[in-house]
$ cat final.txt   # compact mmCIF, C-alpha atoms and all ligand atoms
# COMPACT_ATOMS: atom_id res chain seq x y z
CA MET A 482 -5.96 24.00 77.80
CA PRO A 483 -6.33 20.17 77.67
CA THR A 484 -8.45 18.69 80.44
CA THR A 485 -8.07 15.33 82.17
CA LEU A 486 -10.97 13.71 83.99
CA PHE A 487 -10.46 11.14 86.76
CA VAL A 488 -13.65 9.10 86.52
CA ASN A 489 -15.16 5.75 87.51
CA ALA A 490 -14.02 5.86 91.15
CA ALA A 491 -15.84 3.56 93.58
CA GLN A 492 -15.36 6.17 96.29
CA THR A 493 -13.69 9.56 96.57
CA VAL A 494 -12.16 10.91 99.75
CA THR A 495 -12.00 14.64 99.05
CA CYS A 496 -10.81 16.07 102.40
CA SER A 497 -12.39 19.26 101.05
CA GLY A 498 -13.18 22.20 103.30
CA PRO A 499 -11.33 25.17 104.75
CA ALA A 500 -7.77 25.74 103.50
CA ARG A 501 -6.28 25.38 106.98
CA ALA A 502 -5.56 22.63 109.47
CA ARG A 503 -8.69 20.80 110.65
CA ARG A 504 -9.31 20.18 114.34
CA GLY A 505 -11.98 19.05 116.79
CA PRO A 506 -15.22 17.76 115.22
CA GLU A 507 -13.95 18.70 111.73
CA MET A 508 -11.61 15.70 111.98
CA GLN A 509 -14.57 13.30 111.69
CA ASP A 510 -15.43 14.42 108.16
CA ALA A 511 -12.94 13.48 105.44
CA GLY A 512 -15.44 14.44 102.73
CA VAL A 513 -16.05 10.87 101.55
CA ARG A 514 -18.36 10.78 98.52
CA ASP A 515 -19.57 8.20 96.04
CA GLY A 516 -19.75 8.66 92.27
CA VAL A 517 -17.56 11.73 92.22
CA GLY A 518 -14.55 12.47 89.99
CA VAL A 519 -12.07 15.27 89.39
CA ALA A 520 -11.23 17.48 86.40
CA VAL A 521 -7.64 18.71 85.99
CA GLN A 522 -6.33 21.48 83.75
CA GLY A 523 -2.62 22.20 83.75
CA GLU A 524 -1.42 22.07 87.36
CA ARG A 525 -4.85 22.69 88.93
CA ILE A 526 -8.03 20.90 89.89
CA VAL A 527 -10.83 22.77 88.14
CA MET A 528 -13.91 20.77 89.15
CA VAL A 529 -14.99 18.02 91.56
CA ASP A 530 -18.38 16.60 90.68
CA THR A 531 -20.24 13.53 89.43
CA ASP A 532 -18.76 11.84 86.37
CA ASP A 533 -21.82 12.94 84.35
CA MET A 534 -21.41 16.58 85.26
CA LEU A 535 -17.66 16.46 84.54
CA ARG A 536 -18.27 14.94 81.08
CA ARG A 537 -20.93 17.52 80.34
CA ALA A 538 -18.61 20.38 81.34
CA TYR A 539 -15.59 18.93 79.51
CA PRO A 540 -16.87 16.76 76.63
CA ASP A 541 -13.49 16.60 74.87
CA ALA A 542 -11.43 15.73 77.92
CA HIS A 543 -9.00 12.84 78.14
CA GLU A 544 -10.10 10.34 80.80
CA VAL A 545 -8.15 8.42 83.43
CA ASP A 546 -10.19 5.40 84.51
CA CYS A 547 -10.01 4.92 88.29
CA ASN A 548 -11.13 1.29 87.71
CA ARG A 549 -13.59 1.45 90.64
CA GLY A 550 -10.74 2.36 92.98
CA LEU A 551 -10.46 5.05 95.65
CA LEU A 552 -9.71 8.58 94.42
CA ALA A 553 -7.96 10.74 97.02
CA PRO A 554 -5.67 13.71 97.55
CA GLY A 555 -1.95 12.93 97.32
CA PHE A 556 -0.46 12.35 100.75
CA VAL A 557 1.80 14.94 102.37
CA ASP A 558 4.80 13.52 104.25
CA SER A 559 5.75 16.58 106.29
CA HIS A 560 8.73 15.11 108.19
CA THR A 561 11.59 13.07 106.69
CA HIS A 562 15.37 12.86 106.90
CA ALA A 563 15.59 11.22 103.48
CA VAL A 564 19.14 12.25 102.50
CA PHE A 565 21.60 9.92 104.20
CA GLY A 566 24.39 7.50 103.40
CA ALA A 567 24.44 4.05 104.97
CA ALA A 568 21.65 2.24 106.81
CA ARG A 569 22.13 1.53 110.57
CA PHE A 570 21.39 -2.18 111.02
CA ALA A 571 23.73 -2.71 114.00
CA GLU A 572 22.04 -0.04 116.07
CA HIS A 573 18.63 -1.61 115.49
CA GLU A 574 19.87 -4.85 117.07
CA LEU A 575 21.76 -3.02 119.82
CA ARG A 576 18.52 -1.35 120.94
CA ALA A 577 16.89 -4.77 121.00
CA THR A 578 19.45 -5.79 123.66
CA GLY A 579 18.28 -2.87 125.80
CA VAL A 580 20.68 -0.03 124.95
CA PRO A 581 18.58 3.17 124.71
CA TYR A 582 18.58 5.44 121.65
CA LEU A 583 20.12 8.45 123.40
CA GLU A 584 22.81 6.28 125.05
CA ILE A 585 23.90 5.06 121.59
CA ALA A 586 24.19 8.69 120.44
CA HIS A 587 26.07 9.56 123.63
CA ARG A 588 28.63 6.84 122.77
CA GLY A 589 29.17 8.47 119.36
CA GLY A 590 26.77 6.26 117.39
CA GLY A 591 23.22 7.03 116.28
CA ILE A 592 23.00 10.38 114.52
CA HIS A 593 26.82 10.63 114.69
CA SER A 594 27.27 7.46 112.65
CA SER A 595 25.01 8.94 109.96
CA VAL A 596 27.14 12.11 110.10
CA ARG A 597 30.32 10.08 109.45
CA SER A 598 28.61 8.25 106.61
CA LEU A 599 27.21 11.40 104.96
CA ARG A 600 30.53 13.23 105.16
CA ASP A 601 32.21 10.25 103.41
CA THR A 602 29.63 10.16 100.62
CA PRO A 603 29.92 12.39 97.51
CA SER A 604 26.87 14.49 96.65
CA GLY A 605 26.14 12.55 93.47
CA VAL A 606 26.01 9.32 95.46
CA LEU A 607 23.76 10.89 98.13
CA PHE A 608 21.43 11.94 95.31
CA ASP A 609 21.52 8.47 93.72
CA LEU A 610 20.79 6.83 97.09
CA ALA A 611 17.86 9.17 97.76
CA VAL A 612 16.11 8.72 94.40
CA PRO A 613 14.98 5.07 94.83
CA ARG A 614 14.10 5.70 98.48
CA MET A 615 11.90 8.59 97.41
CA ALA A 616 10.42 6.49 94.61
CA ARG A 617 9.29 3.95 97.23
CA LEU A 618 7.67 6.74 99.25
CA LEU A 619 5.93 8.21 96.20
CA ALA A 620 4.72 4.73 95.24
CA GLY A 621 2.40 4.93 98.25
CA GLY A 622 0.62 8.00 96.88
CA VAL A 623 2.78 10.72 98.44
CA THR A 624 2.90 13.88 96.30
CA THR A 625 4.54 16.32 98.74
CA VAL A 626 7.53 15.51 100.90
CA GLU A 627 9.59 17.52 103.36
CA ILE A 628 13.29 16.61 103.58
CA LYS A 629 15.62 17.75 106.36
CA SER A 630 19.37 18.11 106.42
CA GLY A 631 20.96 17.27 109.78
CA TYR A 632 23.58 14.60 109.07
CA GLY A 633 26.23 17.10 107.93
CA LEU A 634 26.69 18.98 111.20
CA SER A 635 29.23 21.43 109.88
CA VAL A 636 28.29 24.58 108.02
CA ALA A 637 29.75 23.26 104.76
CA GLU A 638 28.24 19.76 105.06
CA GLU A 639 24.80 21.09 105.99
CA LEU A 640 24.85 23.40 102.96
CA ARG A 641 26.02 20.48 100.80
CA THR A 642 23.11 18.36 102.05
CA LEU A 643 20.64 21.14 101.33
CA ARG A 644 22.01 21.42 97.79
CA VAL A 645 21.38 17.70 97.30
CA ILE A 646 17.81 18.29 98.54
CA ARG A 647 17.47 21.13 96.03
CA GLN A 648 18.66 18.80 93.25
CA LEU A 649 16.04 16.26 94.37
CA ALA A 650 13.38 18.99 94.32
CA GLU A 651 14.30 19.70 90.71
CA ALA A 652 14.49 16.06 89.64
CA LEU A 653 11.60 14.37 91.46
CA PRO A 654 8.04 14.47 90.17
CA ALA A 655 6.76 15.31 93.68
CA ARG A 656 6.83 18.65 95.53
CA VAL A 657 9.82 18.84 97.89
CA VAL A 658 10.06 21.22 100.86
CA ALA A 659 13.51 21.66 102.45
CA THR A 660 14.29 22.09 106.15
CA CYS A 661 17.65 22.93 107.70
CA LEU A 662 18.27 20.73 110.74
CA GLY A 663 21.82 21.84 111.50
CA ALA A 664 20.67 21.75 115.14
CA HIS A 665 20.16 17.99 115.02
CA GLU A 666 22.97 17.34 117.53
CA VAL A 667 26.14 18.93 118.83
CA PRO A 668 28.81 17.63 116.40
CA LEU A 669 31.32 15.34 118.11
CA GLU A 670 34.25 17.61 117.32
CA TYR A 671 32.45 20.53 119.02
CA ARG A 672 31.43 18.36 121.97
CA GLU A 673 35.05 17.40 122.59
CA ALA A 674 36.57 20.89 122.27
CA SER A 675 36.32 23.04 125.36
CA GLY A 676 33.60 25.62 124.83
CA GLY A 677 32.71 23.75 121.65
CA ARG A 678 29.01 23.46 122.29
CA GLU A 679 28.70 27.22 122.43
CA ALA A 680 30.78 27.52 119.27
CA TRP A 681 28.31 25.28 117.37
CA LEU A 682 25.37 27.37 118.56
CA VAL A 683 27.17 30.49 117.32
CA ALA A 684 27.94 28.80 113.97
CA LEU A 685 24.25 27.96 113.57
CA GLU A 686 23.17 31.49 114.44
CA GLU A 687 25.81 33.49 112.65
CA GLU A 688 26.75 31.33 109.68
CA LEU A 689 24.47 28.45 108.79
CA HIS A 690 20.97 29.90 109.16
CA PRO A 691 21.80 33.24 107.52
CA ALA A 692 23.50 31.40 104.61
CA VAL A 693 20.54 29.03 104.18
CA ALA A 694 18.09 31.94 104.13
CA ARG A 695 20.29 33.99 101.79
CA GLU A 696 20.63 31.15 99.26
CA GLY A 697 16.98 30.11 99.61
CA LEU A 698 18.12 26.58 100.43
CA ALA A 699 15.37 25.82 102.95
CA HIS A 700 11.99 27.12 104.00
CA PHE A 701 12.24 25.86 107.60
CA ALA A 702 14.79 25.60 110.40
CA ASP A 703 14.34 22.74 112.88
CA ILE A 704 16.03 21.67 116.15
CA PHE A 705 16.15 18.51 118.27
CA CYS A 706 14.83 20.10 121.49
CA GLU A 707 15.27 17.23 123.92
CA PRO A 708 16.82 16.85 127.38
CA GLY A 709 20.36 15.57 126.62
CA VAL A 710 20.49 17.12 123.13
CA PHE A 711 19.52 20.82 122.92
CA THR A 712 17.96 22.50 125.95
CA ARG A 713 14.83 24.59 125.77
CA ASP A 714 16.84 27.80 126.20
CA GLU A 715 19.30 26.80 123.48
CA SER A 716 16.41 25.91 121.21
CA ARG A 717 14.71 29.26 121.80
CA ARG A 718 17.92 31.09 121.04
CA VAL A 719 18.74 29.16 117.86
CA LEU A 720 15.20 29.26 116.48
CA ALA A 721 14.68 32.95 117.27
CA GLY A 722 17.84 33.63 115.26
CA ALA A 723 16.64 31.44 112.39
CA ARG A 724 13.32 33.25 112.36
CA ALA A 725 15.11 36.61 112.28
CA ALA A 726 17.11 35.32 109.31
CA GLY A 727 13.84 34.65 107.49
CA LEU A 728 13.22 30.94 108.07
CA ALA A 729 9.93 29.44 109.29
CA LEU A 730 10.23 27.09 112.27
CA LYS A 731 9.76 23.45 113.21
CA LEU A 732 10.83 21.56 116.33
CA HIS A 733 11.58 17.97 117.24
CA ALA A 734 9.88 18.37 120.61
CA ASP A 735 9.28 16.14 123.63
CA GLU A 736 10.19 12.99 121.69
CA LEU A 737 11.63 10.81 124.44
CA HIS A 738 11.37 13.04 127.52
CA ASP A 739 9.24 16.06 128.28
CA GLY A 740 11.41 19.13 127.79
CA ASP A 741 8.52 21.58 127.52
CA GLY A 742 9.27 21.77 123.80
CA ALA A 743 5.62 21.98 122.75
CA SER A 744 5.04 25.21 124.63
CA LEU A 745 8.27 26.62 123.20
CA ALA A 746 6.99 25.83 119.70
CA VAL A 747 3.82 27.77 120.49
CA GLU A 748 5.75 30.66 122.04
CA LEU A 749 7.90 30.94 118.89
CA GLY A 750 4.96 30.60 116.49
CA ALA A 751 6.47 27.46 114.96
CA THR A 752 4.56 25.94 112.04
CA SER A 753 4.77 22.51 113.67
CA ALA A 754 5.97 20.66 116.77
CA ASP A 755 6.89 17.10 115.89
CA HIS A 756 7.08 13.77 117.82
CA LEU A 757 5.44 14.75 121.18
CA ALA A 758 5.45 11.20 122.57
CA ALA A 759 6.43 12.62 125.98
CA ILE A 760 4.35 15.82 125.84
CA SER A 761 2.99 17.16 129.17
CA ASP A 762 -0.62 18.14 129.88
CA ALA A 763 0.48 21.79 129.77
CA GLY A 764 2.05 21.16 126.35
CA ILE A 765 -1.22 19.69 125.04
CA THR A 766 -3.16 22.69 126.33
CA ALA A 767 -0.69 25.11 124.74
CA LEU A 768 -0.76 23.38 121.34
CA ALA A 769 -4.56 23.14 121.34
CA ALA A 770 -4.85 26.89 121.80
CA SER A 771 -2.37 27.63 118.98
CA GLU A 772 -1.93 27.43 115.22
CA THR A 773 1.11 25.15 115.62
CA VAL A 774 0.45 21.73 114.08
CA ALA A 775 1.15 18.69 116.30
CA THR A 776 2.90 16.23 113.99
CA LEU A 777 2.89 12.66 115.28
CA LEU A 778 5.37 10.06 114.05
CA PRO A 779 4.07 6.67 115.22
CA ALA A 780 6.50 4.62 113.12
CA THR A 781 9.38 6.05 115.13
CA MET A 782 8.02 4.96 118.50
CA LEU A 783 7.20 1.55 117.04
CA PHE A 784 10.65 1.07 115.50
CA LEU A 785 12.42 2.29 118.66
CA GLY A 786 10.47 -0.37 120.56
CA THR A 787 9.51 2.08 123.28
CA GLY A 788 6.08 0.53 123.84
CA ARG A 789 4.67 4.07 123.95
CA GLN A 790 3.03 6.43 121.53
CA ALA A 791 2.16 10.12 121.51
CA PRO A 792 -1.20 10.85 123.22
CA ALA A 793 -3.03 11.38 119.94
CA ARG A 794 -6.52 11.07 121.42
CA ARG A 795 -5.83 13.62 124.12
CA LEU A 796 -4.36 16.03 121.54
CA LEU A 797 -7.35 15.56 119.23
CA GLU A 798 -9.88 15.89 122.04
CA ALA A 799 -8.17 19.03 123.32
CA GLY A 800 -8.61 20.50 119.81
CA ALA A 801 -5.01 20.47 118.58
CA ALA A 802 -4.34 20.32 114.82
CA VAL A 803 -2.87 16.82 114.39
CA ALA A 804 -0.77 15.72 111.40
CA LEU A 805 1.02 12.42 110.76
CA ALA A 806 4.35 11.82 109.00
CA THR A 807 6.83 8.99 108.47
CA ASP A 808 9.98 10.58 110.01
CA PHE A 809 11.75 8.47 107.34
CA ASN A 810 15.40 8.23 108.52
CA PRO A 811 18.08 5.56 108.94
CA GLY A 812 18.03 5.52 112.75
CA THR A 813 14.52 5.58 114.11
CA SER A 814 12.15 5.11 111.17
CA PRO A 815 13.34 3.44 107.95
CA LEU A 816 9.73 3.52 106.72
CA THR A 817 8.91 4.27 103.09
CA SER A 818 5.50 2.59 102.99
CA PHE A 819 3.31 5.63 103.60
CA PRO A 820 -0.04 3.78 103.87
CA LEU A 821 1.37 1.80 106.81
CA LEU A 822 1.32 5.11 108.66
CA LEU A 823 -2.48 5.14 108.39
CA THR A 824 -2.56 1.67 109.93
CA LEU A 825 -0.38 2.84 112.83
CA ALA A 826 -2.65 5.86 113.26
CA VAL A 827 -5.69 3.64 113.75
CA SER A 828 -4.11 0.70 115.58
CA GLU A 829 -1.48 2.49 117.71
CA LEU A 830 -2.79 6.04 118.06
CA ARG A 831 -6.50 5.09 118.23
CA MET A 832 -7.44 7.51 115.48
CA SER A 833 -10.43 7.00 113.20
CA ALA A 834 -9.81 6.41 109.49
CA ALA A 835 -11.22 9.89 108.74
CA GLU A 836 -8.79 11.43 111.24
CA ALA A 837 -5.91 9.48 109.71
CA TRP A 838 -6.79 10.72 106.20
CA LEU A 839 -7.09 14.36 107.25
CA ALA A 840 -3.88 14.15 109.29
CA THR A 841 -1.93 12.88 106.24
CA THR A 842 -3.41 15.33 103.72
CA VAL A 843 -4.82 18.72 104.78
CA ASN A 844 -3.05 18.79 108.14
CA GLY A 845 0.22 17.53 106.66
CA ALA A 846 -0.02 20.40 104.18
CA ALA A 847 -0.68 22.84 107.06
CA ALA A 848 2.45 21.51 108.80
CA LEU A 849 4.37 22.80 105.76
CA GLY A 850 2.44 26.06 105.40
CA LEU A 851 0.79 24.64 102.25
CA ALA A 852 -2.84 24.22 103.31
CA GLY A 853 -3.93 26.65 100.60
CA GLU A 854 -2.10 24.69 97.91
CA THR A 855 -2.44 20.94 98.45
CA GLY A 856 -4.08 18.27 100.62
CA GLN A 857 -7.63 18.35 99.27
CA LEU A 858 -9.62 17.59 96.14
CA ALA A 859 -11.29 20.92 95.48
CA ALA A 860 -11.33 23.41 92.61
CA GLY A 861 -8.34 25.74 92.68
CA PHE A 862 -6.00 23.35 94.52
CA SER A 863 -2.92 21.82 93.00
CA ALA A 864 -3.74 18.66 91.03
CA ASP A 865 -2.07 16.36 93.57
CA LEU A 866 -4.07 13.16 93.68
CA ALA A 867 -3.85 9.41 93.86
CA VAL A 868 -5.93 6.39 92.93
CA HIS A 869 -5.69 3.40 95.29
CA ALA A 870 -6.87 -0.10 94.35
CA VAL A 871 -9.48 -0.30 97.13
CA ASP A 872 -13.13 0.71 97.17
CA ASP A 873 -13.47 2.16 100.67
CA TYR A 874 -11.39 4.82 102.45
CA ARG A 875 -11.14 2.56 105.53
CA ALA A 876 -9.50 -0.17 103.47
CA LEU A 877 -6.13 1.58 103.18
CA PRO A 878 -5.34 1.49 106.92
CA TYR A 879 -6.92 -1.97 107.11
CA TRP A 880 -4.94 -3.93 104.46
CA PHE A 881 -1.71 -3.07 106.16
CA GLY A 882 1.63 -3.49 104.46
CA GLU A 883 0.04 -3.87 101.01
CA ARG A 884 1.12 -1.82 98.01
CA LEU A 885 -2.22 -0.51 96.80
CA CYS A 886 -1.49 2.81 95.12
CA ASP A 887 -2.39 2.52 91.46
CA VAL A 888 -1.46 5.97 90.08
CA ALA A 889 -0.49 9.32 91.59
CA TRP A 890 -0.28 12.76 90.01
CA CYS A 891 1.50 15.83 91.32
CA ARG A 892 0.84 19.34 89.92
CA GLY A 893 -1.15 17.80 87.07
CA ARG A 894 1.52 15.30 85.98
CA ALA A 895 1.90 11.59 86.63
CA CYS A 896 4.36 10.97 89.46
CA HIS A 897 3.77 7.27 90.05
CA SER A 898 2.06 4.46 88.18
CA SER A 899 1.82 0.77 88.89
CA ARG A 900 -0.11 0.27 85.63
CA ALA A 901 1.58 -1.59 82.80
CA VAL A 902 2.36 0.79 79.98
CA VAL A 903 0.24 -0.14 76.96
CA ALA A 904 1.71 0.99 73.64
O1 LIG B 1001 13.24 12.33 114.23
N1 LIG B 1001 15.14 12.51 116.95
C1 LIG B 1001 15.90 13.04 116.17
N2 LIG B 1001 16.02 12.84 114.88
C2 LIG B 1001 15.47 11.75 114.14
C3 LIG B 1001 16.31 10.54 114.19
C4 LIG B 1001 17.63 10.77 113.67
C5 LIG B 1001 18.52 9.57 113.67
O2 LIG B 1001 18.52 8.76 114.61
O3 LIG B 1001 19.24 9.45 112.68
C6 LIG B 1001 14.05 11.49 114.55
O4 LIG B 1001 13.73 10.46 115.17
FE FE B 1002 12.76 13.49 112.76
$ encode --input "final.txt" --output "structure tokens" --more "lines below"
Ligand code: NIG
Ligand code: FE
Amino acid sequence: MPTTLFVNAAQTVTCSGPARARRGPEMQDAGVRDGVGVAVQGERIVMVDTDDMLRRAYPDAHEVDCNRGLLAPGFVDSHTHAVFGAARFAEHELRATGVPYLEIAHRGGGIHSSVRSLRDTPSGVLFDLAVPRMARLLAGGVTTVEIKSGYGLSVAEELRTLRVIRQLAEALPARVVATCLGAHEVPLEYREASGGREAWLVALEEELHPAVAREGLAHFADIFCEPGVFTRDESRRVLAGARAAGLALKLHADELHDGDGASLAVELGATSADHLAAISDAGITALAASETVATLLPATMLFLGTGRQAPARRLLEAGAAVALATDFNPGTSPLTSFPLLLTLAVSELRMSAAEAWLATTVNGAAALGLAGETGQLAAGFSADLAVHAVDDYRALPYWFGERLCDVAWCRGRACHSSRAVVA
């Protein structure tokens, strides 16, 4: 089998170690090494060693010159809502005048305006809109991305969204993981009908989640567990049903107000609890003692202008498994520049650069149940890697807003390149 060597890196951030989420003191060691490259055969990494040793082991290999850049695992963006119709510029300005996010949704805007837009947009157009957005995300060195439905909010429209996500999974060079977020909101037509709220919960339990599991359209089910959206009891009921149908679980938990969502995620054995900006002390303790990954989304809090962030330091110090993701969506986080997330991790969440790297690679993979497959440069793992045009792992969070990813490979194939093609 032909071999490719990634050589001549100034520095390599391997994130290598156990194939599970890192926590506690492990978060200080991102496996940063000098003079080390990677050998790839087919879809797999077969060796991580000095350039000399790689060349000795594979003398006939093709070489990719890292040009004294930074060699790293591909990033894992474990939380996006990347399939949507129109952008929501007006709402951005409305929030600036002081109207809160949940109040906008209560008035029928917010998520509901994205629902109207998605329902009016043919599947082919949704696909065509998503492709360049995803290309921007991948251009930052992302090689695995989770995409949620949640702007359809009827059984048929949620299934249609998940089919668009499946088409993207087939067409994109990156790995795509699908999540059903039919429980993103109570659809307006169900809110208005008497007894409608209950009818939507029943539709989720009896129709949508079983159909999604049957057709293999998503790996995860998710819910917006938030006071004013879905209660804790409703969330437990819907997610327990989804789990019984065969789906793994995620929660939007304690985003704006503490609704004890983190402890529910632990109780249900959810793979991740996401947002957590309003998590309680009890929630932190519960997450720290569990396998559930705490996924923080600092771009969302920044873009909402809340002036707050999730208590990342307290979560890390308690020993929780912390991941970071963009939450890319048209309402609260139109962010496709993945490296900016590392800047927010350091500057807003007070994380170290090593913590930021591990939270966007190994722990992002764990938040998708993929810690044995991707997120680290080590023999046996998927050949998901990126070269960034910097010579120090701390430079990526530092030079914020820059486009520094040179090339990225997913499953042993190029998935992004900023290099000019030379004939
Ligand atoms: O993760 N909070 C709920 N869902 C998304 C935002 C959805 C929207 O406003 O369109 C989030 O922030
Ligand atoms: Fe989200």
$ residues_around --input "final.txt" --residues "A:Leu728" --least-positions-apart "6" --cutoff "12 Å" --atoms "all atoms listed in the file" --output "MDAnalysis selection string"
chainID A and resid 659:662 686 689:703 719:722 750:752
$ residues_near_ligand --input "final.txt" --ligand "ligand FE 1002 (chain B)" --cutoff "7 Å" --atoms "all atoms listed in the file" --output "list in words"
His560, Thr561, His562, His733 and Asp808 of chain A
$ residues_near_ligand --input "final.txt" --ligand "ligand LIG 1001 (chain B)" --cutoff "7 Å" --atoms "all atoms listed in the file" --output "ChimeraX atom specification"
/A:591-592,595,665,705,733,736,781,808,810-814
$ closest_residue --input "final.txt" --among "A:Met508, A:Ala520, A:Ala567, A:Ala846" --to "A:Phe487" --atoms "all atoms listed in the file"
A:Ala520
$ residues_near_point --input "final.txt" --point "(0.9, 4.1, 94.2)" --cutoff "9 Å" --atoms "all atoms listed in the file" --output "JSON, numbers by chain"
{"A": [617, 618, 619, 620, 621, 622, 623, 867, 868, 869, 870, 884, 885, 886, 887, 888, 889, 897, 898, 899]}
$ closest_residue --input "final.txt" --among "A:Arg678, A:Arg718, A:His593, A:Arg588" --to "A:Gly633" --atoms "only C-alpha atoms"
A:His593
$ atom_distance --input "final.txt" --atom1 "atom CA of A:Asp532" --atom2 "atom CA of A:Leu839"
24.1 Å
$ closest_residue --input "final.txt" --among "A:Ser559, A:Thr625, A:Ser497, A:Thr824" --to "A:Cys896" --atoms "only C-alpha atoms"
A:Thr625
$ axis_aligned_box --input "final.txt" --around "stretch 630-639 of chain A" --padding-each-side "5 Å" --output "JSON"
{"center_x": 24.6, "center_y": 19.6, "center_z": 108.0, "size_x": 20.4, "size_y": 20.0, "size_z": 16.4}
$ closest_residue --input "final.txt" --among "A:Ala775, A:Ala763, A:Leu634, A:Leu643" --to "A:Ala684" --atoms "only C-alpha atoms"
A:Leu634
$ closest_residue --input "final.txt" --among "A:Ala734, A:Leu649, A:Leu640, A:Ala571" --to "A:Phe608" --atoms "all atoms listed in the file"
A:Leu649
